[in-house]
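One file, data19.csv, is given below (CSV, C-alpha atoms).
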chain,number,residue,atom,x,y,z
A,1,ASP,CA,50.0,-35.1,-13.5
A,2,SER,CA,46.9,-33.6,-11.7
A,3,VAL,CA,47.9,-30.1,-12.9
A,4,CYS,CA,48.2,-31.4,-16.4
A,5,LYS,CA,44.8,-33.1,-16.2
A,6,THR,CA,43.1,-30.1,-14.8
A,7,HIS,CA,44.5,-27.8,-17.5
A,8,GLY,CA,44.1,-30.3,-20.3
A,9,ALA,CA,47.7,-29.9,-21.4
A,10,SER,CA,50.9,-31.9,-21.2
A,11,ARG,CA,53.8,-31.1,-18.9
A,12,ASP,CA,55.9,-29.8,-21.8
A,13,GLU,CA,53.1,-27.4,-22.8
A,14,LEU,CA,52.8,-26.0,-19.2
A,15,ILE,CA,56.5,-25.7,-18.2
A,16,GLY,CA,57.6,-22.1,-18.8
A,17,LEU,CA,54.0,-20.9,-19.5
A,18,SER,CA,53.0,-17.8,-17.6
A,19,TYR,CA,49.8,-18.1,-15.6
A,20,LYS,CA,48.5,-15.1,-17.5
A,21,LYS,CA,48.2,-17.3,-20.6
A,22,PHE,CA,45.4,-19.4,-19.1
A,23,MET,CA,43.4,-16.7,-17.3
A,24,GLU,CA,41.3,-13.8,-18.2
A,25,LYS,CA,42.8,-10.4,-17.5
A,26,GLU,CA,40.8,-9.7,-14.3
A,27,THR,CA,41.6,-13.1,-12.8
A,28,ALA,CA,45.3,-12.7,-13.7
A,29,GLU,CA,45.4,-9.4,-11.8
A,30,LYS,CA,43.7,-11.0,-8.8
A,31,VAL,CA,46.3,-13.8,-8.8
A,32,ARG,CA,49.2,-11.3,-9.2
A,33,ARG,CA,48.0,-9.4,-6.1
A,34,VAL,CA,47.9,-12.7,-4.1
A,35,PHE,CA,51.4,-13.7,-5.2
A,36,ASN,CA,52.7,-10.2,-4.5
A,37,GLN,CA,51.2,-10.4,-1.0
A,38,VAL,CA,52.9,-13.7,-0.3
A,39,TYR,CA,56.2,-12.3,-1.7
A,40,ASN,CA,56.1,-9.2,0.5
A,41,THR,CA,55.0,-10.9,3.7
A,42,GLY,CA,56.5,-14.3,3.4
A,43,LYS,CA,53.2,-15.7,4.7
A,44,PRO,CA,51.2,-18.3,2.8
A,45,HIS,CA,47.9,-17.4,1.3
A,46,LYS,CA,45.5,-20.3,1.8
A,47,LEU,CA,42.4,-21.4,-0.1
A,48,PHE,CA,41.6,-18.8,-2.6
A,49,GLU,CA,39.7,-19.4,-5.8
A,50,TRP,CA,40.6,-18.6,-9.4
A,51,GLU,CA,39.2,-19.5,-12.8
A,52,ILE,CA,41.4,-21.0,-15.5
A,53,ILE,CA,40.9,-21.4,-19.2
A,54,LYS,CA,42.0,-24.8,-20.4
A,55,ILE,CA,43.9,-25.4,-23.6
A,56,ASP,CA,40.7,-26.4,-25.4
A,57,GLY,CA,38.9,-23.2,-24.2
A,58,ALA,CA,36.8,-24.8,-21.5
A,59,LYS,CA,36.8,-23.2,-18.1
A,60,ALA,CA,37.5,-24.7,-14.6
A,61,VAL,CA,37.6,-23.4,-11.1
A,62,GLU,CA,40.5,-24.1,-8.8
A,63,GLU,CA,41.0,-23.7,-5.1
A,64,SER,CA,44.6,-23.0,-4.2
A,65,SER,CA,47.1,-22.3,-1.4
A,66,ILE,CA,50.3,-20.4,-2.3
A,67,TYR,CA,53.7,-20.6,-0.4
A,68,LEU,CA,57.0,-18.7,-0.9
A,69,ILE,CA,60.1,-20.6,-2.0
A,70,THR,CA,63.4,-19.3,-0.6
A,71,ASN,CA,67.0,-20.6,-1.1
A,72,ALA,CA,69.5,-21.5,1.5
A,73,GLN,CA,70.5,-17.9,2.0
A,74,GLY,CA,66.8,-17.0,2.5
A,75,ASP,CA,66.4,-15.2,-0.8
A,76,LYS,CA,63.0,-15.3,-2.4
A,77,ILE,CA,63.2,-17.3,-5.6
A,78,GLY,CA,59.7,-18.4,-6.4
A,79,PHE,CA,56.4,-19.9,-5.2
A,80,ARG,CA,54.9,-23.4,-4.7
A,81,GLY,CA,51.3,-24.2,-4.5
A,82,ILE,CA,48.7,-26.9,-3.9
A,83,PHE,CA,45.3,-26.7,-5.7
A,84,ARG,CA,42.3,-28.8,-6.3
A,85,ASP,CA,39.8,-28.6,-9.1
A,86,ILE,CA,36.5,-27.6,-7.5
A,87,SER,CA,34.5,-27.0,-10.8
A,88,GLU,CA,31.9,-29.7,-10.0
A,89,ARG,CA,31.5,-28.5,-6.4
A,90,LYS,CA,30.9,-24.9,-7.7
A,91,LYS,CA,28.4,-26.2,-10.2
A,92,MET,CA,26.6,-28.1,-7.4
A,93,GLN,CA,26.7,-25.0,-5.2
A,94,GLU,CA,25.3,-22.8,-8.0
A,95,ALA,CA,22.6,-25.4,-8.7
A,96,LEU,CA,21.7,-25.5,-5.0
A,97,ARG,CA,21.7,-21.7,-4.8
A,98,GLN,CA,19.3,-21.5,-7.8
A,99,SER,CA,17.1,-24.2,-6.3
A,100,GLU,CA,17.0,-22.4,-3.0
A,101,GLU,CA,16.2,-19.2,-4.8
A,102,ARG,CA,13.3,-20.8,-6.7
A,103,TYR,CA,12.1,-22.4,-3.4
A,104,ARG,CA,12.2,-19.1,-1.5
A,105,THR,CA,10.5,-17.3,-4.4
A,106,ILE,CA,7.7,-19.8,-4.5
A,107,LEU,CA,7.2,-19.6,-0.7
A,108,GLU,CA,7.2,-15.8,-0.8
A,109,ASN,CA,4.5,-15.7,-3.5
A,110,ILE,CA,2.0,-18.3,-2.3
A,111,GLU,CA,-1.2,-17.2,-0.6
A,112,GLU,CA,-0.7,-19.8,2.2
A,113,GLY,CA,1.5,-19.0,5.2
A,114,TYR,CA,4.7,-21.0,5.4
A,115,PHE,CA,6.9,-21.4,8.5
A,116,GLU,CA,9.9,-23.3,9.8
A,117,VAL,CA,10.6,-23.7,13.5
A,118,ASP,CA,13.3,-25.4,15.5
A,119,LEU,CA,12.5,-28.2,18.0
A,120,ALA,CA,11.7,-25.7,20.7
A,121,GLY,CA,9.1,-23.9,18.5
A,122,ASN,CA,11.2,-20.8,17.7
A,123,PHE,CA,10.6,-19.4,14.2
A,124,THR,CA,13.6,-19.7,11.9
A,125,PHE,CA,11.8,-18.7,8.7
A,126,VAL,CA,8.3,-17.3,7.8
A,127,ASN,CA,7.0,-16.0,4.5
A,128,ASP,CA,5.1,-12.8,3.9
A,129,SER,CA,1.7,-14.5,3.8
A,130,LEU,CA,2.2,-15.9,7.3
A,131,SER,CA,3.2,-12.5,8.6
A,132,ARG,CA,-0.1,-11.1,7.1
A,133,ILE,CA,-2.2,-14.0,8.5
A,134,ILE,CA,-0.7,-13.7,12.1
A,135,GLY,CA,-0.7,-9.9,11.9
A,136,LEU,CA,2.9,-9.4,12.9
A,137,PRO,CA,6.1,-8.2,11.1
A,138,LYS,CA,8.4,-11.0,9.9
A,139,GLU,CA,11.3,-9.5,11.8
A,140,LYS,CA,9.3,-9.7,15.1
A,141,MET,CA,8.1,-13.3,14.4
A,142,LEU,CA,11.7,-14.4,13.9
A,143,ARG,CA,12.4,-13.5,17.5
A,144,MET,CA,9.3,-15.3,18.8
A,145,ASN,CA,8.2,-18.8,19.9
A,146,ASN,CA,5.0,-20.1,18.4
A,147,ARG,CA,3.5,-20.3,21.9
A,148,GLU,CA,3.5,-16.5,22.2
A,149,TYR,CA,0.4,-15.9,20.0
A,150,MET,CA,-1.9,-18.6,21.3
A,151,ASP,CA,-3.4,-19.4,24.7
A,152,GLU,CA,-2.1,-22.2,27.0
A,153,VAL,CA,-4.7,-24.7,26.0
A,154,THR,CA,-4.1,-24.3,22.3
A,155,ALA,CA,-0.3,-24.3,22.9
A,156,GLN,CA,-0.5,-27.6,24.7
A,157,ARG,CA,-2.6,-29.2,22.0
A,158,ILE,CA,-0.1,-28.0,19.3
A,159,TYR,CA,2.7,-29.4,21.4
A,160,VAL,CA,1.1,-32.9,21.4
A,161,ILE,CA,0.6,-32.7,17.6
A,162,PHE,CA,4.2,-31.6,16.9
A,163,ASN,CA,5.6,-34.2,19.3
A,164,GLU,CA,3.7,-37.0,17.5
A,165,VAL,CA,5.2,-35.8,14.2
A,166,TYR,CA,8.7,-35.8,15.7
A,167,ARG,CA,8.1,-39.3,17.3
A,168,THR,CA,6.7,-41.0,14.2
A,169,GLY,CA,8.3,-38.9,11.4
A,170,LEU,CA,4.9,-38.8,9.7
A,171,PRO,CA,3.4,-35.5,8.6
A,172,GLY,CA,0.6,-34.0,10.8
A,173,LYS,CA,-2.7,-34.0,9.1
A,174,VAL,CA,-4.7,-30.8,8.6
A,175,PHE,CA,-5.8,-29.4,12.0
A,176,GLU,CA,-7.1,-26.1,13.3
A,177,TRP,CA,-5.9,-23.8,16.0
A,178,GLU,CA,-7.1,-20.5,17.3
A,179,ILE,CA,-4.7,-17.5,17.6
A,180,LYS,CA,-4.9,-14.1,19.1
A,181,ARG,CA,-3.6,-11.4,16.7
A,182,GLU,CA,-1.8,-8.3,17.9
A,183,ASN,CA,-4.9,-6.2,17.5
A,184,GLY,CA,-6.7,-8.4,19.9
A,185,LYS,CA,-8.9,-10.2,17.4
A,186,GLN,CA,-9.3,-14.0,17.3
A,187,ALA,CA,-8.5,-15.9,14.2
A,188,ILE,CA,-8.8,-19.6,13.2
A,189,GLU,CA,-5.9,-21.2,11.3
A,190,GLU,CA,-5.8,-24.5,9.4
A,191,CYS,CA,-2.3,-26.1,9.5
A,192,SER,CA,-0.4,-29.1,8.3
A,193,VAL,CA,3.1,-29.8,9.6
A,194,SER,CA,6.1,-32.1,8.7
A,195,LEU,CA,9.5,-32.9,10.2
A,196,ILE,CA,12.7,-31.2,9.0
A,197,ARG,CA,15.7,-33.6,9.0
A,198,ASN,CA,19.4,-33.0,8.7
A,199,ALA,CA,21.9,-34.9,6.5
A,200,ARG,CA,22.0,-37.7,9.1
A,201,GLY,CA,18.2,-38.1,9.1
A,202,GLU,CA,17.8,-36.5,12.6
A,203,GLY,CA,14.8,-34.4,13.3
A,204,ILE,CA,15.9,-30.8,13.8
A,205,GLY,CA,12.7,-28.8,13.4
A,206,PHE,CA,9.3,-28.5,11.7
A,207,ARG,CA,7.9,-26.9,8.6
A,208,GLY,CA,4.3,-26.2,7.9
A,209,ILE,CA,1.6,-24.6,5.7
A,210,VAL,CA,-1.0,-22.3,7.3
A,211,ARG,CA,-4.3,-21.1,5.9
A,212,ASP,CA,-6.6,-18.4,7.5
A,213,VAL,CA,-10.0,-20.1,7.7
A,214,THR,CA,-11.7,-17.5,9.9
A,215,GLY,CA,-14.0,-16.3,7.2
A,216,ARG,CA,-14.9,-19.8,6.2
A,217,LYS,CA,-15.7,-20.8,9.8
A,218,ARG,CA,-17.9,-17.7,10.2
A,219,LEU,CA,-19.8,-18.7,7.0
A,220,GLU,CA,-20.2,-22.2,8.3
A,221,GLU,CA,-21.6,-20.9,11.6
A,222,GLU,CA,-24.0,-18.6,9.8
A,223,ARG,CA,-25.1,-21.5,7.6
A,224,GLU,CA,-25.7,-23.7,10.7
A,225,LYS,CA,-27.7,-20.9,12.3
A,226,PHE,CA,-29.7,-20.5,9.1
A,227,ILE,CA,-30.4,-24.2,8.9
A,228,ALA,CA,-31.5,-24.3,12.6
A,229,GLU,CA,-33.8,-21.3,12.0
A,230,LEU,CA,-35.2,-23.0,8.9
A,231,GLN,CA,-35.7,-26.3,10.7
A,232,GLU,CA,-37.5,-24.4,13.5
A,233,ALA,CA,-39.8,-22.7,10.9
A,234,LEU,CA,-40.5,-25.9,9.1
A,235,ALA,CA,-41.3,-27.5,12.5
A,236,LYS,CA,-43.9,-24.8,13.1
A,237,VAL,CA,-45.4,-25.3,9.6
A,238,LYS,CA,-45.6,-29.0,10.2
A,239,THR,CA,-47.8,-28.5,13.2
A,240,LEU,CA,-50.6,-27.6,10.8
A,241,SER,CA,-50.7,-31.2,9.6
A,242,GLY,CA,-51.2,-32.4,13.1
A,243,PHE,CA,-54.4,-32.6,15.3
A,244,LEU,CA,-56.2,-29.2,15.4
A,245,PRO,CA,-59.2,-28.6,17.7
A,246,ILE,CA,-61.7,-26.7,15.4
A,247,CYS,CA,-65.2,-25.4,16.3
A,248,ALA,CA,-67.9,-27.2,14.4
A,249,SER,CA,-69.9,-24.1,14.2
A,250,CYS,CA,-67.7,-21.0,13.8
A,251,LYS,CA,-64.7,-22.9,12.6
A,252,LYS,CA,-62.3,-21.2,15.1
A,253,ILE,CA,-59.1,-23.1,16.1
A,254,ARG,CA,-58.0,-23.5,19.6
A,255,ASP,CA,-54.2,-22.7,19.9
A,256,ASP,CA,-51.6,-24.1,22.3
A,257,ASN,CA,-52.5,-21.5,24.9
A,258,GLY,CA,-56.2,-22.5,24.9
A,259,TYR,CA,-57.5,-19.5,23.0
A,260,TRP,CA,-60.0,-19.8,20.2
A,261,ARG,CA,-58.8,-17.9,17.1
A,262,GLN,CA,-60.0,-17.3,13.6
A,263,ILE,CA,-58.7,-20.1,11.4
A,264,GLU,CA,-57.0,-17.6,9.0
A,265,ALA,CA,-55.1,-15.9,11.8
A,266,TYR,CA,-53.9,-19.3,13.1
A,267,ILE,CA,-52.7,-20.4,9.7
A,268,ARG,CA,-51.1,-17.0,9.0
A,269,ASP,CA,-49.0,-17.3,12.2
A,270,HIS,CA,-47.9,-20.8,11.6
A,271,SER,CA,-47.0,-20.6,7.9
A,272,ASP,CA,-46.0,-18.1,5.2
A,273,ALA,CA,-49.6,-18.1,3.7
A,274,GLU,CA,-51.4,-14.9,3.1
A,275,PHE,CA,-55.2,-14.5,2.7
A,276,SER,CA,-57.5,-12.5,0.5
A,277,HIS,CA,-61.3,-12.5,1.0
A,278,GLY,CA,-64.1,-13.4,-1.4
A,279,ILE,CA,-67.4,-15.3,-1.3
A,280,CYS,CA,-68.2,-18.6,-2.7
A,281,PRO,CA,-71.3,-19.1,-4.9
A,282,ASP,CA,-73.2,-21.1,-2.3
A,283,CYS,CA,-72.7,-18.5,0.5
A,284,ARG,CA,-73.5,-15.7,-1.9
A,285,LYS,CA,-76.8,-17.4,-2.8
A,286,LYS,CA,-77.6,-18.1,0.8
A,287,LEU,CA,-76.8,-14.5,1.9
A,288,TYR,CA,-78.1,-12.5,-1.0
A,289,GLY,CA,-80.5,-14.7,-2.9
A,290,ASN,CA,-81.1,-13.4,-6.4
A,291,PHE,CA,-80.0,-9.8,-5.5
A,292,MET,CA,-76.7,-10.2,-7.4
A,293,ALA,CA,-78.3,-12.0,-10.4
A,294,ASP,CA,-78.1,-10.3,-13.8
A,295,GLU,CA,-81.2,-9.0,-15.7
A,296,GLY,CA,-81.7,-12.3,-17.6
A,297,GLY,CA,-82.0,-14.1,-14.2
A,298,LYS,CA,-78.6,-15.7,-14.5
A,299,GLU,CA,-76.3,-15.5,-11.5
A,300,GLU,CA,-73.0,-13.7,-12.0
A,301,ASN,CA,-70.0,-16.0,-12.1
Whole structure, C-alpha cells version:
Amino acid sequence: DSVCKTHGASRDELIGLSYKKFMEKETAEKVRRVFNQVYNTGKPHKLFEWEIIKIDGAKAVEESSIYLITNAQGDKIGFRGIFRDISERKKMQEALRQSEERYRTILENIEEGYFEVDLAGNFTFVNDSLSRIIGLPKEKMLRMNNREYMDEVTAQRIYVIFNEVYRTGLPGKVFEWEIKRENGKQAIEECSVSLIRNARGEGIGFRGIVRDVTGRKRLEEEREKFIAELQEALAKVKTLSGFLPICASCKKIRDDNGYWRQIEAYIRDHSDAEFSHGICPDCRKKLYGNFMADEGGKEEN
C-alpha cells in the first residue's frame, strides 16, 4: 500500500510494470547498475536514492535498500527492497542549503567582521571582512584561538564578557577591545557577541560582529585635544576681562611676571587681536595744532 501511495497508482497498475516506466533514462541506468551489482555480488545495496515519476507526472525522491532473492537451490530469481519517500526531507534539505548559502553570502559581503568560535574561543568561521580587520588570512585564523592576537589583560576582560553571555544567554552589548595586528600595529575593535545553541538549547559557542573603530577613536582623540587647546586659548583670552594693573600715566600693563609692557603688546599676546596705528583728533590737535588744518582753516577729518 505504501508503494502504491508513493507512486500514485493502484497495485494492479504497478504489478508487471518495469521500473524504467516511472524513471527518467539517466535514473533508470543508475538503478540498473545497482541491481546488477547486487545480482553479481549477492550483497545488499543499502540506502541509495532515486527519483521517480508518478502516474500523474509529479516527481518524488525515494531512499531504498535492495536485496537479492534466491530460491531453495540458491538460484538468483529476483530482488526485494525497502524504500521510504524522502521527498519532503529533500525539499527541507534544499531549502536549508539555500538558506545557508544566502546566509554565508550576506556574511561574506558585509563590511563588518563576523566570527564564530567554540566555547574555548577557537575560531570555527570568519568572513573576509574580519580577516581584513585583524590582518590575518582566514586559513590561519581558523587554526587560532582568539586570545592569540590580544594581550593578557584584554583576553581576561573578553573572557569575563563571553562567560557572562554563556551564563545568562543574553547577547553582549557593544564593547571595545584592543588587538595587535601581525604587522605590529595596534587597532581598536568594537564588538557585539551572542550565544550559539544546538538543537537541545545548549550553548556550544559564540558568534559576533566586529567593526574597526581605530580611525574613529583617533578622530575622537584629536577632537578632544583640539577642544582642550581651544579651552586653554579661551581661558587666556578671558584673562583680559579680569583685573589688570595699568599705569595711570603711560598706560603700560604689568604682566604676570611683574614686567610693565605696552598695552597693545599685552593684548596681542593674550588674544587674536591685531593693531594698526593712527591718531585721534584730540591728540592730533594737541601735538600739531593747526599745522594739519586745510587752507580754509578747517581741520582735516
List the residues sitting within 9 Å of (53.5, -25.2, -3.6) in the file's frame, using all atoms listed in the file, as a PDB file with C-alpha atoms, in the coordinates of the input.
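Saved as part.pdb:
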ATOM      1  CA  SER A  65      47.100 -22.300  -1.400  1.00  0.00           C
ATOM      2  CA  ILE A  66      50.300 -20.400  -2.300  1.00  0.00           C
ATOM      3  CA  TYR A  67      53.700 -20.600  -0.400  1.00  0.00           C
ATOM      4  CA  LEU A  68      57.000 -18.700  -0.900  1.00  0.00           C
ATOM      5  CA  ILE A  69      60.100 -20.600  -2.000  1.00  0.00           C
ATOM      6  CA  PHE A  79      56.400 -19.900  -5.200  1.00  0.00           C
ATOM      7  CA  ARG A  80      54.900 -23.400  -4.700  1.00  0.00           C
ATOM      8  CA  GLY A  81      51.300 -24.200  -4.500  1.00  0.00           C
ATOM      9  CA  ILE A  82      48.700 -26.900  -3.900  1.00  0.00           C
ATOM     10  CA  PHE A  83      45.300 -26.700  -5.700  1.00  0.00           C
TER      11      PHE A  83
END
Could you name the residues that touch Val126 of chain A at 12 Å or less, counting only C-alpha atoms, but leaving out those on the same chain fewer than 2 positions away, as an mmCIF file with C-alpha atoms, keeping the file's coordinate frame?
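Okay, selection_27.cif is ready:
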data_model
loop_
_atom_site.group_PDB
_atom_site.id
_atom_site.type_symbol
_atom_site.label_atom_id
_atom_site.label_comp_id
_atom_site.auth_asym_id
_atom_site.auth_seq_id
_atom_site.Cartn_x
_atom_site.Cartn_y
_atom_site.Cartn_z
ATOM 1 C CA ARG A 104 12.200 -19.100 -1.500
ATOM 2 C CA LEU A 107 7.200 -19.600 -0.700
ATOM 3 C CA GLU A 108 7.200 -15.800 -0.800
ATOM 4 C CA ILE A 110 2.000 -18.300 -2.300
ATOM 5 C CA GLU A 112 -0.700 -19.800 2.200
ATOM 6 C CA GLY A 113 1.500 -19.000 5.200
ATOM 7 C CA TYR A 114 4.700 -21.000 5.400
ATOM 8 C CA PHE A 115 6.900 -21.400 8.500
ATOM 9 C CA GLU A 116 9.900 -23.300 9.800
ATOM 10 C CA VAL A 117 10.600 -23.700 13.500
ATOM 11 C CA ASN A 122 11.200 -20.800 17.700
ATOM 12 C CA PHE A 123 10.600 -19.400 14.200
ATOM 13 C CA THR A 124 13.600 -19.700 11.900
ATOM 14 C CA ASP A 128 5.100 -12.800 3.900
ATOM 15 C CA SER A 129 1.700 -14.500 3.800
ATOM 16 C CA LEU A 130 2.200 -15.900 7.300
ATOM 17 C CA SER A 131 3.200 -12.500 8.600
ATOM 18 C CA ARG A 132 -0.100 -11.100 7.100
ATOM 19 C CA ILE A 133 -2.200 -14.000 8.500
ATOM 20 C CA ILE A 134 -0.700 -13.700 12.100
ATOM 21 C CA LEU A 136 2.900 -9.400 12.900
ATOM 22 C CA PRO A 137 6.100 -8.200 11.100
ATOM 23 C CA LYS A 138 8.400 -11.000 9.900
ATOM 24 C CA GLU A 139 11.300 -9.500 11.800
ATOM 25 C CA LYS A 140 9.300 -9.700 15.100
ATOM 26 C CA MET A 141 8.100 -13.300 14.400
ATOM 27 C CA LEU A 142 11.700 -14.400 13.900
ATOM 28 C CA ARG A 143 12.400 -13.500 17.500
ATOM 29 C CA MET A 144 9.300 -15.300 18.800
ATOM 30 C CA ASN A 146 5.000 -20.100 18.400
ATOM 31 C CA PHE A 206 9.300 -28.500 11.700
ATOM 32 C CA ARG A 207 7.900 -26.900 8.600
ATOM 33 C CA GLY A 208 4.300 -26.200 7.900
ATOM 34 C CA ILE A 209 1.600 -24.600 5.700
ATOM 35 C CA VAL A 210 -1.000 -22.300 7.300
#
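Across the structure, atom CA of Tyr159 of chain A and atom CA of Ile196 of chain A are spaced 16.0 Å apart.
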Segment 177-180 of chain A environment, 6 Å, all atoms listed in the file, sequence neighbours closer than 2 positions dropped, as an MDAnalysis selection string: chainID A and resid 149:150 185:189
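Going from atom CA of Ala28 of chain A over to atom CA of Ala95 of chain A, you cover 26.5 Å.
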Find the residues around Glu24 of chain A up to 12 Å (all atoms listed in the file counted), leave out those fewer than 2 positions away in its own chain, and share them as a count of residues only. 17
Name all residues at most 10 Å from segment 273-280 of chain A (count only C-alpha atoms; drop same-chain ones fewer than 6 positions away) and give them as a ChimeraX atom specification. /A:264-265,267,287,301
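Atom CA of Gly121 of chain A sits 17.2 Å away from atom CA of Glu176 of chain A.
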Counting only C-alpha atoms, select every polymer residue within 8 Å of (57.1, -17.9, 3.4) as defined in the file's coordinates, and provide the selection as a PDB file with C-alpha atoms, in the frame of the given file.
ATOM      1  CA  VAL A  38      52.900 -13.700  -0.300  1.00  0.00           C
ATOM      2  CA  TYR A  39      56.200 -12.300  -1.700  1.00  0.00           C
ATOM      3  CA  THR A  41      55.000 -10.900   3.700  1.00  0.00           C
ATOM      4  CA  GLY A  42      56.500 -14.300   3.400  1.00  0.00           C
ATOM      5  CA  LYS A  43      53.200 -15.700   4.700  1.00  0.00           C
ATOM      6  CA  PRO A  44      51.200 -18.300   2.800  1.00  0.00           C
ATOM      7  CA  TYR A  67      53.700 -20.600  -0.400  1.00  0.00           C
ATOM      8  CA  LEU A  68      57.000 -18.700  -0.900  1.00  0.00           C
ATOM      9  CA  ILE A  69      60.100 -20.600  -2.000  1.00  0.00           C
ATOM     10  CA  THR A  70      63.400 -19.300  -0.600  1.00  0.00           C
TER      11      THR A  70
END
